[in-house]
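Asks: This is final.tsv, which holds TSV, C-alpha atoms:
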chain	number	residue	atom	x	y	z
N	25	MET	CA	-55.46	-6.69	-49.01
N	26	ARG	CA	-58.21	-5.55	-46.71
N	27	SER	CA	-55.92	-5.62	-43.69
N	28	VAL	CA	-53.37	-3.51	-45.50
N	29	THR	CA	-56.06	-0.98	-46.36
N	30	CYS	CA	-57.21	-0.92	-42.76
N	31	ALA	CA	-53.66	-0.42	-41.55
N	32	VAL	CA	-53.09	2.45	-43.98
N	33	LEU	CA	-56.35	4.12	-42.98
N	34	PHE	CA	-55.53	3.68	-39.30
N	35	LEU	CA	-52.10	5.26	-39.66
N	36	ALA	CA	-53.49	8.06	-41.81
N	37	ALA	CA	-56.11	8.85	-39.18
N	38	LEU	CA	-53.54	8.64	-36.41
N	39	PHE	CA	-51.16	11.13	-37.95
N	40	ALA	CA	-53.91	13.43	-39.19
N	41	ALA	CA	-55.51	13.71	-35.76
N	42	PRO	CA	-54.59	16.93	-33.98
N	43	ALA	CA	-52.62	16.39	-30.82
N	44	THR	CA	-54.42	17.61	-27.72
N	45	ALA	CA	-51.08	18.29	-26.05
N	46	GLU	CA	-47.76	18.25	-27.79
N	47	PRO	CA	-44.96	19.62	-25.64
N	48	VAL	CA	-41.41	19.72	-26.93
N	49	THR	CA	-38.28	20.52	-24.98
N	50	HIS	CA	-35.61	22.47	-26.82
N	51	GLN	CA	-32.23	21.97	-25.18
N	52	PHE	CA	-29.87	24.86	-25.92
N	53	THR	CA	-26.22	25.15	-25.11
N	54	GLY	CA	-24.07	28.22	-25.25
C	23	MET	CA	-24.42	27.31	-20.15
C	24	THR	CA	-27.46	25.21	-20.87
C	25	LEU	CA	-31.05	26.29	-21.31
C	26	ASP	CA	-33.95	23.87	-21.62
C	27	CYS	CA	-37.27	25.31	-22.69
C	28	THR	CA	-40.41	23.19	-22.87
C	29	VAL	CA	-43.12	24.69	-25.05
C	30	GLU	CA	-46.62	23.46	-25.66
C	31	ARG	CA	-47.08	23.33	-29.41
C	32	SER	CA	-50.85	23.14	-29.17
C	33	THR	CA	-51.00	26.64	-27.64
C	34	THR	CA	-53.59	28.69	-29.50
C	35	PRO	CA	-51.91	30.91	-32.12
C	36	GLU	CA	-52.78	34.61	-32.05
C	37	PRO	CA	-51.90	36.16	-35.43
C	38	GLN	CA	-50.68	39.74	-34.97
C	39	ASP	CA	-50.30	40.62	-38.64
C	40	ALA	CA	-49.35	38.84	-41.85
C	41	TYR	CA	-45.98	37.80	-40.43
C	42	VAL	CA	-46.08	37.56	-36.65
C	43	THR	CA	-47.91	34.94	-34.62
C	44	ALA	CA	-48.01	35.33	-30.84
C	45	TYR	CA	-48.63	32.75	-28.14
C	46	THR	CA	-49.75	33.30	-24.56
C	47	ASN	CA	-48.18	31.11	-21.88
C	48	PRO	CA	-46.70	28.53	-24.26
C	49	VAL	CA	-43.69	27.82	-22.03
C	50	THR	CA	-44.43	25.16	-19.44
C	51	MET	CA	-40.96	24.53	-18.02
C	52	VAL	CA	-37.56	26.20	-18.00
C	53	ALA	CA	-34.27	24.86	-16.66
C	54	PHE	CA	-30.83	26.41	-16.95
C	55	THR	CA	-27.28	26.22	-15.79
C	56	ALA	CA	-24.84	29.10	-16.04
C	57	GLY	CA	-21.52	28.16	-14.59
C	58	SER	CA	-22.25	26.99	-11.06
C	59	TRP	CA	-25.61	28.75	-10.95
C	60	SER	CA	-28.65	26.75	-11.95
C	61	GLY	CA	-32.37	26.98	-11.61
C	62	GLY	CA	-35.65	26.38	-13.27
C	63	SER	CA	-39.35	25.84	-12.82
C	64	ALA	CA	-42.61	26.29	-14.57
C	65	PRO	CA	-42.81	30.02	-15.26
C	66	GLY	CA	-45.47	32.21	-13.73
C	67	ASN	CA	-46.28	33.42	-17.18
C	68	SER	CA	-44.65	33.43	-20.57
C	69	GLY	CA	-44.99	34.59	-24.12
C	70	ALA	CA	-43.58	33.73	-27.51
C	71	THR	CA	-43.70	34.97	-31.07
C	72	VAL	CA	-42.92	33.33	-34.37
C	73	THR	CA	-42.09	35.66	-37.25
C	74	ASN	CA	-42.17	34.23	-40.74
C	75	ASN	CA	-40.86	36.11	-43.78
C	76	ALA	CA	-41.39	39.59	-42.42
C	77	PRO	CA	-40.05	42.41	-44.60
C	78	SER	CA	-36.92	43.95	-43.14
C	79	PRO	CA	-37.35	47.63	-42.32
C	80	GLY	CA	-35.80	49.71	-45.04
C	81	GLN	CA	-34.75	46.67	-47.05
C	82	PRO	CA	-37.49	45.65	-49.46
C	83	GLY	CA	-37.09	42.08	-50.65
C	84	VAL	CA	-35.13	41.02	-47.60
C	85	PHE	CA	-37.18	38.92	-45.22
C	86	TYR	CA	-36.49	37.60	-41.78
C	87	ASP	CA	-37.66	34.85	-39.48
C	88	GLN	CA	-37.54	34.96	-35.71
C	89	TRP	CA	-38.36	32.76	-32.73
C	90	SER	CA	-38.56	34.68	-29.46
C	91	TRP	CA	-39.84	33.74	-26.05
C	92	ASN	CA	-39.77	35.08	-22.55
C	93	ALA	CA	-40.62	33.71	-19.15
C	94	LEU	CA	-41.26	35.39	-15.81
C	95	GLY	CA	-41.43	33.77	-12.43
C	96	VAL	CA	-38.79	31.13	-13.09
C	97	THR	CA	-37.30	30.19	-9.76
C	98	ALA	CA	-33.57	30.22	-9.19
C	99	PRO	CA	-31.46	30.54	-6.06
C	100	PRO	CA	-30.51	34.16	-5.40
C	101	LEU	CA	-26.94	35.28	-5.97
C	102	GLY	CA	-26.52	37.19	-2.74
C	103	SER	CA	-29.15	39.89	-3.00
C	104	VAL	CA	-29.46	39.46	-6.77
C	105	HIS	CA	-32.54	37.66	-8.03
C	106	LEU	CA	-33.52	36.32	-11.41
C	107	GLN	CA	-36.28	38.47	-12.84
C	108	SER	CA	-36.97	37.11	-16.30
C	109	LEU	CA	-35.55	35.06	-19.13
C	110	THR	CA	-35.66	35.96	-22.81
C	111	SER	CA	-34.30	34.11	-25.80
C	112	THR	CA	-34.35	35.12	-29.45
C	113	LEU	CA	-33.21	33.42	-32.64
C	114	ASP	CA	-33.01	35.60	-35.76
C	115	ASP	CA	-32.63	34.45	-39.34
C	116	ILE	CA	-32.23	37.49	-41.58
C	117	GLU	CA	-32.48	35.34	-44.70
C	118	GLY	CA	-35.99	34.27	-43.72
C	119	THR	CA	-35.40	30.66	-44.71
C	120	VAL	CA	-35.84	28.74	-41.45
C	121	PHE	CA	-39.57	28.94	-40.84
C	122	ASP	CA	-42.36	28.35	-43.30
C	123	SER	CA	-45.28	29.16	-41.02
C	124	GLY	CA	-46.16	30.79	-37.74
C	125	ALA	CA	-46.34	27.47	-35.90
C	126	ILE	CA	-44.25	26.89	-32.79
C	127	PRO	CA	-41.13	25.09	-34.04
C	128	GLY	CA	-41.01	21.38	-33.35
C	129	VAL	CA	-37.31	21.10	-34.02
C	130	PHE	CA	-34.65	23.63	-34.92
C	131	PRO	CA	-31.93	23.26	-37.53
C	132	ALA	CA	-28.34	23.64	-36.39
C	133	LEU	CA	-28.02	27.13	-34.99
C	134	GLY	CA	-25.49	28.14	-37.64
C	135	VAL	CA	-28.37	29.21	-39.88
C	136	PHE	CA	-29.40	31.83	-37.34
C	137	ASP	CA	-27.71	35.20	-37.39
C	138	GLY	CA	-28.68	36.18	-33.86
C	139	LYS	CA	-29.05	33.59	-31.10
C	140	THR	CA	-29.14	34.88	-27.58
C	141	ALA	CA	-30.45	34.07	-24.14
C	142	THR	CA	-30.78	36.99	-21.75
C	143	PHE	CA	-31.16	36.73	-18.00
C	144	LEU	CA	-32.55	39.87	-16.40
C	145	LEU	CA	-31.41	40.27	-12.80
C	146	VAL	CA	-32.44	42.63	-10.02
C	147	ASP	CA	-30.46	43.50	-6.92
C	148	TYR	CA	-33.07	44.08	-4.25
C	149	SER	CA	-30.56	45.63	-1.84
C	150	SER	CA	-29.88	48.53	-4.19
C	151	PHE	CA	-32.83	48.21	-6.59
C	152	GLN	CA	-30.49	48.11	-9.52
C	153	SER	CA	-31.09	45.88	-12.48
C	154	GLY	CA	-28.75	44.26	-14.93
C	155	TYR	CA	-28.48	41.29	-17.19
C	156	PHE	CA	-26.16	38.76	-18.63
C	157	MET	CA	-26.49	37.54	-22.16
C	158	ALA	CA	-25.31	34.27	-23.58
C	159	THR	CA	-24.78	33.40	-27.24
C	160	LEU	CA	-26.40	30.07	-27.98
C	161	SER	CA	-24.37	27.63	-30.04
C	162	GLY	CA	-26.21	24.33	-30.05
C	163	VAL	CA	-29.70	22.92	-29.85
C	164	SER	CA	-31.33	19.53	-29.75
C	165	THR	CA	-34.94	18.51	-29.29
C	166	PRO	CA	-35.17	14.91	-28.16
C	167	ALA	CA	-38.30	13.10	-29.25
C	168	ARG	CA	-40.51	12.20	-26.34
C	169	GLY	CA	-40.44	8.48	-25.99
C	170	THR	CA	-43.54	8.03	-23.91
C	171	SER	CA	-46.24	9.12	-26.30
C	172	TRP	CA	-47.31	9.25	-29.90
C	173	GLY	CA	-45.15	12.32	-29.99
C	174	GLY	CA	-42.21	9.95	-30.02
C	175	ILE	CA	-43.46	8.25	-33.15
C	176	LYS	CA	-44.53	11.45	-34.79
C	177	GLY	CA	-41.13	12.85	-33.89
C	178	LEU	CA	-39.54	10.46	-36.31
C	179	TYR	CA	-41.38	12.17	-39.14
C	180	ARG	CA	-41.65	15.70	-37.88
C	181	GLN	CA	-40.34	18.90	-39.32
Could the structure of this file be written out as structure tokens, please?

Replies:
Amino acid sequence: MRSVTCAVLFLAALFAAPATAEPVTHQFTG
Amino acid sequence: MTLDCTVERSTTPEPQDAYVTAYTNPVTMVAFTAGSWSGGSAPGNSGATVTNNAPSPGQPGVFYDQWSWNALGVTAPPLGSVHLQSLTSTLDDIEGTVFDSGAIPGVFPALGVFDGKTATFLLVDYSSFQSGYFMATLSGVSTPARGTSWGGIKGLYRQ
């Protein structure tokens, strides 16, 4: 139970943390 | 034609008013092909704006969304004496349904939801000092998740 809680908290912190750099590449065609 | 535009989503937003958010130098790489002509590089400088639910002039109750960016200093081989001057691309959604904030888009929906979708290449002929442009209508877009970082994992859940 404790490990599950730790895992949930870890993932919550991971996804809540602001990215210092988050580039995306949009690939357009026309 | 193809047009790849890499933007840094952590660029500091600069709200212009209640609807428009501007970004300074958000574009870090551009690559394009147009027929047999191709080029690309990190731009010398760039700009972008995200418009979210702005009232349409003269049409109260009708809102629009827009993603627009431009880049200067992108290198490309000259076409004779004609040189690439700048690149601009704009997506317009006159229903105002695509964006829900002024954040730089992480992914785009299929371009059918946009009413205007253009890429414009401004060209200058240095032998005659005349300028001109060609404009392409964009028809497709994809934004592959980056597989080498947490961005790849986050990309599975992104909007």

Asks: Kindly give the distance, in Å, that separates atom CA of C:Ile116 and atom CA of C:Asn92, rounded to a single decimal.

Replies: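 Value for the atom CA of C:Ile116-atom CA of C:Asn92 distance: 20.6 Å.
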
Asks: Can you write out as a tab-separated table which residues of chain N fall within 6 Å of chain C, alongside each residue's closest atom pair and its distance in Å to one decimal, counting only C-alpha atoms and ordering rows by chain and ascending residue number?

Replies:
residue	atom	partner	partner_atom	distance
N:Ala45	CA	C:Ser32	CA	5.8
N:Glu46	CA	C:Arg31	CA	5.4
N:Pro47	CA	C:Glu30	CA	4.2
N:Val48	CA	C:Thr28	CA	5.4
N:Thr49	CA	C:Thr28	CA	4.0
N:His50	CA	C:Thr165	CA	4.7
N:Gln51	CA	C:Asp26	CA	4.4
N:Phe52	CA	C:Val163	CA	4.4
N:Thr53	CA	C:Thr24	CA	4.4
N:Gly54	CA	C:Leu160	CA	4.0

Asks: Distance atom CA of C:Asp115-atom CA of C:Val135, one decimal place?

Replies: 6.8 Å

Asks: How far is it from atom CA of C:Thr119 to atom CA of C:Pro35, in Å with one decimal?

Replies: 20.8 Å

Asks: Pick from C:Glu117, C:Leu145, C:Thr43, C:Ser111: nearest to C:Gly83, with only C-alpha atoms counted?

Replies: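 The answer is C:Glu117, which sits nearest to C:Gly83.
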
Asks: Between C:Ser108, C:Thr73, C:Ser90, C:Ser103, which has the minimum distance to C:Phe121 (counting all atoms listed in the file)?

Replies: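 Distance minimum relative to C:Phe121 lands on C:Thr73.
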